[in-house]
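Note: the block below is protein-v1.cif and it holds mmCIF, C-alpha atoms.
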```
data_target
#
loop_
_atom_site.label_atom_id
_atom_site.label_comp_id
_atom_site.auth_asym_id
_atom_site.auth_seq_id
_atom_site.Cartn_x
_atom_site.Cartn_y
_atom_site.Cartn_z
CA MET A 252 26.75 6.52 6.73
CA THR A 253 29.86 4.60 5.75
CA THR A 254 31.33 4.60 2.27
CA ALA A 255 31.37 1.51 0.09
CA PRO A 256 33.07 0.41 -3.12
CA ALA A 257 31.24 0.59 -6.42
CA PRO A 258 29.07 -2.48 -7.13
CA ALA A 259 31.12 -5.16 -8.84
CA THR A 260 28.06 -7.13 -10.00
CA SER A 261 24.35 -6.41 -10.35
CA SER A 262 23.72 -8.73 -7.38
CA ASP A 263 25.46 -6.13 -5.17
CA LEU A 264 22.45 -3.88 -5.76
CA GLU A 265 19.70 -6.41 -5.04
CA PRO A 266 19.86 -6.17 -1.20
CA PHE A 267 18.54 -2.59 -1.55
CA ARG A 268 15.47 -3.50 -3.63
CA VAL A 269 12.93 -3.80 -0.80
CA GLU A 270 13.81 -0.55 0.97
CA LEU A 271 14.02 1.33 -2.32
CA THR A 272 10.61 -0.05 -3.33
CA GLY A 273 9.20 1.13 0.00
CA TYR A 274 10.63 4.61 -0.59
CA ALA A 275 9.34 4.75 -4.17
CA TYR A 276 5.91 3.48 -3.13
CA ARG A 277 5.55 6.24 -0.54
CA MET A 278 6.63 8.77 -3.13
CA LEU A 279 4.42 7.49 -5.96
CA GLY A 280 1.45 5.76 -4.27
CA SER A 281 1.51 2.90 -6.79
CA VAL A 282 3.12 -0.51 -6.50
CA PHE A 283 3.50 -0.72 -10.29
CA ASP A 284 5.12 2.71 -10.56
CA ALA A 285 7.33 1.92 -7.57
CA GLU A 286 8.58 -1.31 -9.11
CA ASP A 287 9.28 0.48 -12.40
CA ALA A 288 11.12 3.26 -10.54
CA VAL A 289 13.31 0.81 -8.64
CA GLN A 290 14.09 -1.16 -11.78
CA GLU A 291 15.13 2.08 -13.48
CA THR A 292 17.17 3.06 -10.42
CA LEU A 293 19.10 -0.20 -10.36
CA LEU A 294 19.62 -0.05 -14.11
CA ARG A 295 21.01 3.50 -13.92
CA ALA A 296 23.21 2.51 -10.99
CA TRP A 297 24.62 -0.48 -12.83
CA ARG A 298 25.27 1.50 -16.00
CA GLY A 299 26.83 4.36 -14.04
CA ARG A 300 28.81 2.28 -11.56
CA ASP A 301 32.14 3.58 -12.87
CA GLY A 302 31.04 7.06 -11.84
CA PHE A 303 30.50 6.06 -8.20
CA ASP A 304 33.38 7.73 -6.39
CA GLY A 305 32.76 6.41 -2.88
CA ARG A 306 32.34 9.85 -1.27
CA SER A 307 28.97 8.66 0.04
CA SER A 308 27.70 5.20 0.85
CA LEU A 309 26.31 2.97 -1.87
CA ARG A 310 22.92 3.26 -0.16
CA THR A 311 22.97 7.08 -0.29
CA TRP A 312 23.99 6.99 -3.94
CA LEU A 313 21.10 4.67 -4.78
CA TYR A 314 18.61 6.89 -2.91
CA ARG A 315 19.87 9.89 -4.88
CA ILE A 316 19.18 8.05 -8.13
CA ALA A 317 15.79 6.76 -6.87
CA THR A 318 14.75 10.26 -5.80
CA ASN A 319 15.57 11.69 -9.21
CA VAL A 320 13.67 8.85 -10.92
CA CYS A 321 10.60 9.45 -8.72
CA LEU A 322 10.71 13.22 -9.23
CA ASP A 323 10.87 12.66 -12.99
CA LEU A 324 7.87 10.31 -12.84
CA LEU A 325 5.86 12.78 -10.75
CA ARG A 326 6.48 15.71 -13.07
CA GLY A 327 3.17 16.75 -14.60
CA ARG A 328 1.16 13.97 -12.96
CA GLY A 329 -2.03 14.44 -10.97
CA ARG A 330 -2.32 13.47 -7.31
CA ARG A 331 -3.19 9.90 -6.43
CA ALA A 332 -5.97 9.62 -3.86
CA LEU A 333 -8.52 7.33 -2.22
CA PRO A 334 -12.27 7.76 -2.84
CA VAL A 335 -12.79 9.15 0.67
CA ASP A 336 -10.48 12.06 -0.24
CA LEU A 337 -12.63 13.31 -3.10
CA GLY A 338 -16.17 13.79 -1.85
CA GLY A 339 -18.87 12.71 0.56
CA PRO A 340 -20.35 9.23 1.10
CA ALA A 341 -22.93 7.90 -1.35
CA ALA A 342 -26.14 5.90 -1.15
CA PRO A 343 -25.69 2.10 -1.22
CA VAL A 344 -27.13 1.59 -4.69
CA ALA A 345 -25.46 0.54 -7.95
CA GLU A 346 -26.18 3.91 -9.55
CA SER A 347 -23.84 5.56 -7.03
CA LEU A 348 -20.77 3.67 -8.23
CA GLY A 349 -19.86 6.26 -10.81
CA THR A 350 -17.45 5.82 -13.69
CA PRO A 351 -14.25 3.85 -13.05
CA ALA A 352 -11.20 6.09 -13.03
CA GLY A 353 -7.45 5.75 -12.73
CA GLY A 354 -4.97 7.49 -10.49
CA TRP A 355 -5.91 5.89 -7.17
CA VAL A 356 -3.47 5.03 -4.41
CA GLU A 357 -2.82 1.30 -4.74
CA PRO A 358 -2.17 -1.40 -2.14
CA VAL A 359 1.27 -2.92 -1.86
CA PRO A 360 2.30 -6.38 -0.58
CA ASP A 361 4.15 -6.25 2.72
CA THR A 362 6.89 -8.42 1.26
CA ALA A 363 7.65 -5.80 -1.40
CA VAL A 364 8.26 -2.88 0.98
CA LEU A 365 8.69 -3.92 4.62
CA PRO A 366 12.03 -4.77 6.23
CA ALA A 367 12.64 -8.19 7.75
CA ASP A 368 14.27 -6.62 10.84
CA PRO A 369 11.64 -6.64 13.66
CA ALA A 370 13.21 -3.51 15.16
CA GLU A 371 12.33 -1.53 12.02
CA LEU A 372 9.03 -3.21 11.25
CA ALA A 373 6.61 -1.27 13.48
CA VAL A 374 7.57 2.16 12.13
CA ALA A 375 7.71 0.88 8.56
CA ARG A 376 4.19 -0.59 8.81
CA GLU A 377 2.69 2.70 9.96
CA SER A 378 4.38 4.57 7.12
CA VAL A 379 2.81 2.38 4.41
CA ARG A 380 -0.75 2.50 5.77
CA LEU A 381 -3.14 3.58 3.04
CA ALA A 382 -4.26 6.79 4.73
CA PHE A 383 -0.68 7.92 5.32
CA VAL A 384 0.42 7.18 1.75
CA ALA A 385 -2.67 9.00 0.43
CA ALA A 386 -1.88 11.99 2.65
CA LEU A 387 1.70 12.08 1.35
CA GLN A 388 0.37 12.62 -2.15
CA HIS A 389 -0.82 16.11 -1.12
CA LEU A 390 2.79 17.25 -0.73
CA PRO A 391 4.86 18.74 -3.56
CA PRO A 392 7.31 16.08 -4.73
CA ARG A 393 10.47 17.52 -3.16
CA GLN A 394 8.70 18.14 0.17
CA ARG A 395 7.42 14.57 -0.03
CA ALA A 396 10.96 13.29 -0.46
CA VAL A 397 12.23 15.41 2.45
CA LEU A 398 9.50 14.23 4.81
CA ILE A 399 9.96 10.55 3.93
CA LEU A 400 13.73 10.74 4.26
CA ARG A 401 13.66 12.70 7.52
CA ASP A 402 10.59 11.42 9.39
CA VAL A 403 10.23 7.87 8.03
CA LEU A 404 13.78 6.82 7.18
CA ARG A 405 15.37 8.99 9.90
CA TRP A 406 18.08 10.55 7.75
CA HIS A 407 19.93 13.57 9.13
CA ALA A 408 19.22 16.98 7.63
CA ASP A 409 22.73 17.28 6.19
CA GLU A 410 22.39 13.87 4.50
CA VAL A 411 19.09 14.90 2.90
CA ALA A 412 20.57 18.23 1.85
CA ASP A 413 23.46 16.45 0.17
CA LEU A 414 21.13 14.03 -1.59
CA LEU A 415 18.87 16.81 -2.90
CA ASP A 416 21.70 19.27 -3.66
CA ALA A 417 20.11 21.68 -1.19
CA THR A 418 21.16 23.51 1.97
CA VAL A 419 20.34 22.32 5.48
CA PRO A 420 18.12 25.38 6.14
CA ALA A 421 16.24 24.67 2.93
CA VAL A 422 15.68 21.05 3.98
CA ASN A 423 14.52 22.10 7.46
CA SER A 424 12.14 24.65 5.96
CA ALA A 425 10.72 22.09 3.51
CA LEU A 426 10.25 19.60 6.34
CA GLN A 427 8.40 22.15 8.46
CA ARG A 428 6.05 23.02 5.59
CA ALA A 429 5.50 19.34 4.76
CA ARG A 430 4.64 18.47 8.36
CA ALA A 431 2.16 21.35 8.56
CA THR A 432 0.47 20.35 5.30
CA LEU A 433 0.33 16.69 6.27
CA SER A 434 -1.16 17.49 9.67
CA GLY A 435 -3.87 19.61 8.06
CA VAL A 436 -4.66 17.03 5.38
CA ARG A 437 -4.94 14.17 7.84
CA ALA A 438 -7.23 16.18 10.11
CA GLU A 439 -9.40 17.29 7.18
CA GLN A 440 -9.67 13.87 5.55
CA ARG A 441 -10.18 11.91 8.76
CA VAL A 442 -13.22 9.65 8.37
CA GLY A 443 -12.97 7.56 11.50
CA PRO A 444 -11.03 6.84 14.67
CA ASP A 445 -7.33 6.09 14.92
CA LEU A 446 -6.75 2.58 13.66
CA ASP A 447 -5.41 -0.48 15.47
CA PRO A 448 -3.94 -3.73 14.20
CA VAL A 449 -6.55 -6.25 13.06
CA ASP A 450 -6.46 -9.17 15.47
CA ARG A 451 -6.55 -12.76 14.28
CA ASP A 452 -9.92 -13.55 15.89
CA LEU A 453 -11.63 -10.60 14.19
CA LEU A 454 -10.17 -11.61 10.84
CA ASP A 455 -11.26 -15.23 11.34
CA ARG A 456 -14.81 -14.15 12.12
CA TYR A 457 -14.91 -11.88 9.07
CA VAL A 458 -13.65 -14.66 6.79
CA ASP A 459 -16.16 -17.14 8.22
CA ALA A 460 -19.08 -14.73 7.86
CA PHE A 461 -18.09 -13.81 4.32
CA ALA A 462 -17.71 -17.45 3.28
CA ARG A 463 -21.30 -18.03 4.45
CA TYR A 464 -22.28 -14.59 3.11
CA ASP A 465 -24.03 -13.94 6.39
CA ILE A 466 -24.76 -10.23 6.07
CA GLU A 467 -26.03 -9.87 9.63
CA ALA A 468 -22.83 -11.42 10.99
CA LEU A 469 -20.67 -9.25 8.72
CA VAL A 470 -22.42 -6.05 9.78
CA ALA A 471 -22.02 -7.02 13.43
CA LEU A 472 -18.23 -6.97 12.94
CA LEU A 473 -18.26 -3.38 11.68
CA ARG A 474 -18.10 -0.16 13.63
CA GLU A 475 -21.25 1.89 13.26
CA ASP A 476 -19.21 4.53 11.40
CA ALA A 477 -17.27 2.03 9.26
CA VAL A 478 -16.15 3.12 5.80
CA GLN A 479 -16.10 1.04 2.63
CA SER A 480 -14.63 2.07 -0.72
CA MET A 481 -14.01 0.26 -3.99
CA PRO A 482 -11.38 1.81 -6.27
CA PRO A 483 -11.45 2.31 -9.25
CA TYR A 484 -14.99 3.50 -8.51
CA PRO A 485 -15.26 6.89 -6.78
CA MET A 486 -18.19 5.83 -4.59
CA TRP A 487 -17.65 5.18 -0.92
CA LEU A 488 -20.05 4.28 1.88
CA ARG A 489 -20.15 5.33 5.52
CA GLY A 490 -21.88 3.32 8.22
CA ALA A 491 -22.42 -0.34 8.96
CA ALA A 492 -26.09 -0.11 7.96
CA ASP A 493 -25.33 1.22 4.48
CA ILE A 494 -22.54 -1.32 3.98
CA GLY A 495 -25.02 -4.04 4.93
CA ARG A 496 -27.51 -2.70 2.40
CA TRP A 497 -24.82 -2.78 -0.27
CA LEU A 498 -23.90 -6.37 0.60
CA GLY A 499 -27.53 -7.42 0.31
CA GLY A 500 -28.05 -5.46 -2.90
CA PRO A 501 -25.43 -4.84 -5.62
CA GLY A 502 -22.77 -6.64 -3.59
CA ALA A 503 -24.74 -9.89 -3.53
CA GLU A 504 -22.84 -11.01 -6.62
CA CYS A 505 -19.94 -11.71 -4.23
CA ARG A 506 -21.86 -14.61 -2.71
CA GLY A 507 -19.88 -17.82 -3.22
CA SER A 508 -16.51 -16.05 -3.38
CA ARG A 509 -13.30 -17.61 -2.10
CA LEU A 510 -10.85 -15.65 0.03
CA VAL A 511 -7.08 -15.94 0.42
CA ARG A 512 -5.24 -14.24 3.27
CA VAL A 513 -2.46 -11.87 2.25
CA ALA A 514 -0.82 -8.84 3.88
CA ALA A 515 -0.83 -5.34 2.41
CA ASN A 516 0.20 -1.91 3.65
CA GLY A 517 1.26 -3.30 7.01
CA VAL A 518 -2.12 -4.85 7.84
CA PRO A 519 -4.03 -8.07 7.05
CA ALA A 520 -5.71 -8.18 3.67
CA LEU A 521 -7.80 -10.62 1.67
CA ALA A 522 -7.64 -11.60 -1.97
CA GLN A 523 -11.18 -12.24 -3.18
CA TYR A 524 -12.02 -14.56 -6.05
CA ARG A 525 -15.57 -14.34 -7.38
CA ALA A 526 -17.35 -17.36 -8.79
CA ASP A 527 -17.08 -17.70 -12.56
CA PRO A 528 -20.31 -18.94 -14.19
CA ALA A 529 -18.10 -21.04 -16.48
CA GLY A 530 -16.52 -22.76 -13.47
CA GLY A 531 -13.82 -21.95 -10.95
CA HIS A 532 -13.21 -18.52 -9.46
CA LEU A 533 -11.70 -15.36 -10.97
CA ALA A 534 -9.54 -12.73 -9.29
CA PHE A 535 -11.75 -9.83 -8.21
CA SER A 536 -10.29 -7.65 -5.46
CA ILE A 537 -7.59 -7.12 -2.87
CA THR A 538 -9.32 -5.97 0.33
CA VAL A 539 -7.35 -4.06 2.95
CA LEU A 540 -8.97 -4.27 6.41
CA GLU A 541 -8.33 -1.81 9.22
CA CYS A 542 -9.94 -1.84 12.63
CA ALA A 543 -10.47 0.25 15.73
CA GLU A 544 -11.63 -0.79 19.20
CA GLY A 545 -12.08 -4.42 18.21
CA ARG A 546 -14.23 -3.88 15.12
CA ILE A 547 -13.57 -3.27 11.45
CA ALA A 548 -13.37 0.45 10.74
CA ARG A 549 -12.38 0.50 7.06
CA LEU A 550 -12.70 -1.86 4.15
CA THR A 551 -10.92 -0.80 0.97
CA HIS A 552 -11.67 -3.17 -1.88
CA PHE A 553 -9.27 -2.66 -4.78
CA LEU A 554 -11.10 -4.13 -7.77
CA GLU A 555 -7.94 -4.73 -9.74
CA PRO A 556 -7.12 -8.31 -10.80
CA ARG A 557 -3.69 -7.32 -12.10
CA LEU A 558 -2.62 -6.85 -8.48
CA PHE A 559 -2.90 -10.57 -7.77
CA PRO A 560 0.46 -11.62 -9.29
CA ARG A 561 2.13 -8.99 -7.10
CA PHE A 562 0.86 -10.96 -4.09
CA GLY A 563 2.11 -14.26 -5.52
CA LEU A 564 -1.40 -15.35 -6.46
CA PRO A 565 -2.93 -16.63 -9.70
CA THR A 566 -5.73 -14.71 -11.38
CA ARG A 567 -7.90 -17.83 -11.43
CA LEU A 568 -8.64 -20.58 -8.89
CA ASP A 569 -9.69 -24.00 -10.02
CA SER A 570 -10.60 -26.93 -7.77
CA ARG A 571 -7.23 -27.06 -6.01
CA PRO A 572 -7.09 -26.13 -2.33
CA VAL A 573 -6.09 -22.51 -1.80
CA ASP A 574 -3.02 -23.44 0.24
CA GLU A 575 -1.40 -25.17 -2.75
CA PHE A 576 -0.60 -21.81 -4.31
CA PRO A 577 2.72 -20.01 -3.67
CA SER A 578 2.84 -17.77 -0.64
CA PRO A 579 5.95 -15.55 -0.66
CA ALA A 580 4.83 -13.53 2.37
CA ALA A 581 4.14 -16.54 4.57
CA SER A 582 7.76 -17.65 4.75
CA THR A 583 9.34 -14.23 5.17
CA PRO A 584 10.67 -13.72 8.72
CA GLY A 585 9.24 -10.82 10.67
CA ARG A 586 6.38 -10.14 8.26
CA HIS A 587 2.75 -9.65 9.20
CA ASP A 588 0.78 -12.88 9.51
CA GLY A 589 -1.41 -13.57 6.55
CA GLY A 590 0.65 -14.11 3.40
CA GLY A 591 -1.32 -16.37 1.13
CA ALA A 592 -2.83 -18.62 3.81
CA PRO A 593 -6.17 -20.25 3.02
CA ALA A 594 -9.15 -18.36 4.36
CA GLU A 595 -12.00 -20.78 3.88
#
```
Now, as a test, write the supplied structure out as structure tokens.
Amino acid sequence: MTTAPAPATSSDLEPFRVELTGYAYRMLGSVFDAEDAVQETLLRAWRGRDGFDGRSSLRTWLYRIATNVCLDLLRGRGRRALPVDLGGPAAPVAESLGTPAGGWVEPVPDTAVLPADPAELAVARESVRLAFVAALQHLPPRQRAVLILRDVLRWHADEVADLLDATVPAVNSALQRARATLSGVRAEQRVGPDLDPVDRDLLDRYVDAFARYDIEALVALLREDAVQSMPPYPMWLRGAADIGRWLGGPGAECRGSRLVRVAANGVPALAQYRADPAGGHLAFSITVLECAEGRIARLTHFLEPRLFPRFGLPTRLDSRPVDEFPSPAASTPGRHDGGGAPAE
């Protein structure tokens, strides 16, 4: 890594925002916490710019600050998870929902964390997939930082050691333990096959079937062992048949919803607006879709309207066409197709 002069203006720090947000998101599992961590990082860097001596690169210095901010935020906090990590599948009835809870892994817009460089995009997408981010949360914070820096960001062991004020053997030992833990967690928590990118045709068919609320057509797009979860509720369902029963039962209130295409965690996603009895449609969920062997394998519906502004979307739709709303992801080079395009 090459050295660089101290930032002369705050705008010198802005080019690092996306990659730092990606790092903080992997560390913290929350887009809101990641944004707060990066804002604090840039603020500390700007205030402490006179102390930057140029012995490392500006990028390394910022990662050192970001790591310390994330470790401070993680101190004393519980582990973020997905519903599938915390128990077995439930029956597809409203009584199974359980009590809403906090502390879930959250989705993140691709535009907030993924690089524009196509050469870096494939690896970056895999490292922000929901299952991977949830698995990272099982690691102690310093091991988490080591694994992300070494295996995701491809830093050298001596660079990580310098950043963490540790020795190279200590970094290598932490990496070995982190890899072993992560391998065990991912094997234990595996609820389906390895996932593939969602192709455009499959997404189009899902959107069409949902717009018509054709339950038979929706179920036909699912793998037999498909998984559906709905944070902040702890309930999750396994199997296309049970998901179909949910759609025809408690989920029937979603009939008449409008969908907007977005991109989250490196895969296509949909912003769902449910019909408001008073008129228009209200923000309801961000749904992350993942598929395997040409069918949908996982549907994670994040029932969290406050996520919508993070995707450049309003929390209410009126009679305007969906494509009149801003779409920051759609115009970003090298990003996954799907940012804010109409899905009706």
Counting only C-alpha atoms, closest pick from A:Val458, A:Leu558, A:Leu488, A:Val289 relative to Pro519 in chain A is A:Val458
All residues 9 Å or closer to Val397 in chain A, all atoms listed in the file, same chain fewer than 2 positions away omitted, as a JSON list (two decimals) with C-alpha atoms, keeping the file's coordinate frame:
```json
[["chain", "number", "residue", "atom", "x", "y", "z"],
["A", 392, "PRO", "CA", 7.31, 16.08, -4.73],
["A", 393, "ARG", "CA", 10.47, 17.52, -3.16],
["A", 394, "GLN", "CA", 8.70, 18.14, 0.17],
["A", 395, "ARG", "CA", 7.42, 14.57, -0.03],
["A", 399, "ILE", "CA", 9.96, 10.55, 3.93],
["A", 400, "LEU", "CA", 13.73, 10.74, 4.26],
["A", 401, "ARG", "CA", 13.66, 12.70, 7.52],
["A", 402, "ASP", "CA", 10.59, 11.42, 9.39],
["A", 408, "ALA", "CA", 19.22, 16.98, 7.63],
["A", 411, "VAL", "CA", 19.09, 14.90, 2.90],
["A", 412, "ALA", "CA", 20.57, 18.23, 1.85],
["A", 415, "LEU", "CA", 18.87, 16.81, -2.90],
["A", 422, "VAL", "CA", 15.68, 21.05, 3.98],
["A", 423, "ASN", "CA", 14.52, 22.10, 7.46],
["A", 425, "ALA", "CA", 10.72, 22.09, 3.51],
["A", 426, "LEU", "CA", 10.25, 19.60, 6.34],
["A", 429, "ALA", "CA", 5.50, 19.34, 4.76]]
```
Running the PyMOL selection byres ((chain A and resi 330) around 8) on this model by hand, what would come out? Give it as a compact mmCIF listing (two decimals) with C-alpha atoms, in the coordinates of the input.
```
# COMPACT_ATOMS: atom_id res chain seq x y z
CA ARG A 328 1.16 13.97 -12.96
CA GLY A 329 -2.03 14.44 -10.97
CA ARG A 331 -3.19 9.90 -6.43
CA ALA A 332 -5.97 9.62 -3.86
CA GLY A 354 -4.97 7.49 -10.49
CA GLN A 388 0.37 12.62 -2.15
CA HIS A 389 -0.82 16.11 -1.12
```
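Nearest-residue note for Leu333 in chain A: choosing from A:Gly299, A:Glu410, A:Gly280, A:Leu313, the minimum distance belongs to A:Gly280, counting all atoms listed in the file.
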Subject >> Contacts of His552 in chain A within 9 Å, only C-alpha atoms, excl. fewer than 3 positions in-chain, as a ChimeraX atom specification >> reply: /A:479-482,536-540,555
Up to 7 Å from (-18.7, 6.1, 0.4) in the file's coordinates: name the residues, counting all atoms listed in the file, as a VMD selection string. chain A and resid 335 339 to 341 478 to 480 486 to 489
Using the selection just defined, write its residues with C-alpha atoms as a tab-separated table (two decimals), in the coordinates of the input.
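Saved the output as selection.tsv:
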```
chain	number	residue	atom	x	y	z
A	335	VAL	CA	-12.79	9.15	0.67
A	339	GLY	CA	-18.87	12.71	0.56
A	340	PRO	CA	-20.35	9.23	1.10
A	341	ALA	CA	-22.93	7.90	-1.35
A	478	VAL	CA	-16.15	3.12	5.80
A	479	GLN	CA	-16.10	1.04	2.63
A	480	SER	CA	-14.63	2.07	-0.72
A	486	MET	CA	-18.19	5.83	-4.59
A	487	TRP	CA	-17.65	5.18	-0.92
A	488	LEU	CA	-20.05	4.28	1.88
A	489	ARG	CA	-20.15	5.33	5.52
```
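With only C-alpha atoms as the atoms that count, the residue of A:Val449, A:Ala417, A:Pro366, A:Ala386 with the shortest distance to Ala431 in chain A is A:Ala386.
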Fill in: Residues matched by the PyMOL selection byres ((chain A and resi 295) around 12), written as an MDAnalysis selection string
chainID A and resid 261 264 288:294 296:303 312:317 319:320
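With distances taken over all atoms listed in the file, A:Arg557 is the one residue among A:Arg451, A:Arg474, A:Arg557, A:Arg496 lying closest to Ala534 in chain A.
Put simply, CA of Pro483 in chain A is 13.3 Å away from CA of Asp336 in chain A.
One distance worth recording is that between CA of Val364 in chain A and CA of Ser262 in chain A, which is 18.5 Å.
Omitting range 378-380 of chain A and its sequence neighbours fewer than 5 positions away, and counting all atoms listed in the file, the residues within 10 Å are Gly273, Tyr274, Tyr276, Arg277, Gly280, Pro358, Val359, Asp361, Val364, Leu365, Leu372, Ala373, Ala385, Leu387, Ile399, Asp402, Val403, Leu404, Leu446, Ala515, Asn516, Gly517, Val518, Val539 and Glu541 of chain A.
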If we count only C-alpha atoms, what is near Arg567 in chain A at a cut-off of 8 Å, once residues fewer than 2 positions away on the same chain are taken out, given as a PDB file with C-alpha atoms, in the coordinates of the input?
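out_39.pdb was written with the following content:
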```
ATOM      1  CA  TYR A 524     -12.020 -14.560  -6.050  1.00  0.00           C
ATOM      2  CA  GLY A 531     -13.820 -21.950 -10.950  1.00  0.00           C
ATOM      3  CA  HIS A 532     -13.210 -18.520  -9.460  1.00  0.00           C
ATOM      4  CA  LEU A 533     -11.700 -15.360 -10.970  1.00  0.00           C
ATOM      5  CA  ALA A 534      -9.540 -12.730  -9.290  1.00  0.00           C
ATOM      6  CA  PRO A 565      -2.930 -16.630  -9.700  1.00  0.00           C
ATOM      7  CA  ASP A 569      -9.690 -24.000 -10.020  1.00  0.00           C
TER       8      ASP A 569
END
```
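Using only C-alpha atoms, the nearest neighbour of Val344 in chain A within the list A:Gly507, A:Gly327, A:Gly499, A:Gly563 is A:Gly499.
We find CA of Val436 in chain A and CA of Ser424 in chain A to be spaced 18.5 Å apart.
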For Pro343 in chain A: contacts at 9 Å, only C-alpha atoms, fewer than 3 positions along chain excluded, given as an mmCIF file with C-alpha atoms, in the frame of the given file:
```cif
data_model
loop_
_atom_site.group_PDB
_atom_site.id
_atom_site.type_symbol
_atom_site.label_atom_id
_atom_site.label_comp_id
_atom_site.auth_asym_id
_atom_site.auth_seq_id
_atom_site.Cartn_x
_atom_site.Cartn_y
_atom_site.Cartn_z
ATOM 1 C CA GLU A 346 -26.180 3.910 -9.550
ATOM 2 C CA SER A 347 -23.840 5.560 -7.030
ATOM 3 C CA LEU A 348 -20.770 3.670 -8.230
ATOM 4 C CA TRP A 487 -17.650 5.180 -0.920
ATOM 5 C CA LEU A 488 -20.050 4.280 1.880
ATOM 6 C CA ASP A 493 -25.330 1.220 4.480
ATOM 7 C CA ILE A 494 -22.540 -1.320 3.980
ATOM 8 C CA GLY A 495 -25.020 -4.040 4.930
ATOM 9 C CA ARG A 496 -27.510 -2.700 2.400
ATOM 10 C CA TRP A 497 -24.820 -2.780 -0.270
ATOM 11 C CA LEU A 498 -23.900 -6.370 0.600
ATOM 12 C CA GLY A 500 -28.050 -5.460 -2.900
ATOM 13 C CA PRO A 501 -25.430 -4.840 -5.620
#
```
Just say which residues the PyMOL selection byres ((chain A and resi 352) around 10) picks in this file, as a CSV table (one decimal) with C-alpha atoms, in the coordinates of the input.
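Heads up, here's the output in out-v2.csv:
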```csv
chain,number,residue,atom,x,y,z
A,349,GLY,CA,-19.9,6.3,-10.8
A,350,THR,CA,-17.4,5.8,-13.7
A,351,PRO,CA,-14.2,3.8,-13.0
A,353,GLY,CA,-7.4,5.8,-12.7
A,354,GLY,CA,-5.0,7.5,-10.5
A,355,TRP,CA,-5.9,5.9,-7.2
A,482,PRO,CA,-11.4,1.8,-6.3
A,483,PRO,CA,-11.4,2.3,-9.2
A,484,TYR,CA,-15.0,3.5,-8.5
A,485,PRO,CA,-15.3,6.9,-6.8
```
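Nearest to Thr318 in chain A of all the residues A:Ser281, A:Thr362, A:Thr272, A:Thr551 is A:Thr272, counting only C-alpha atoms.
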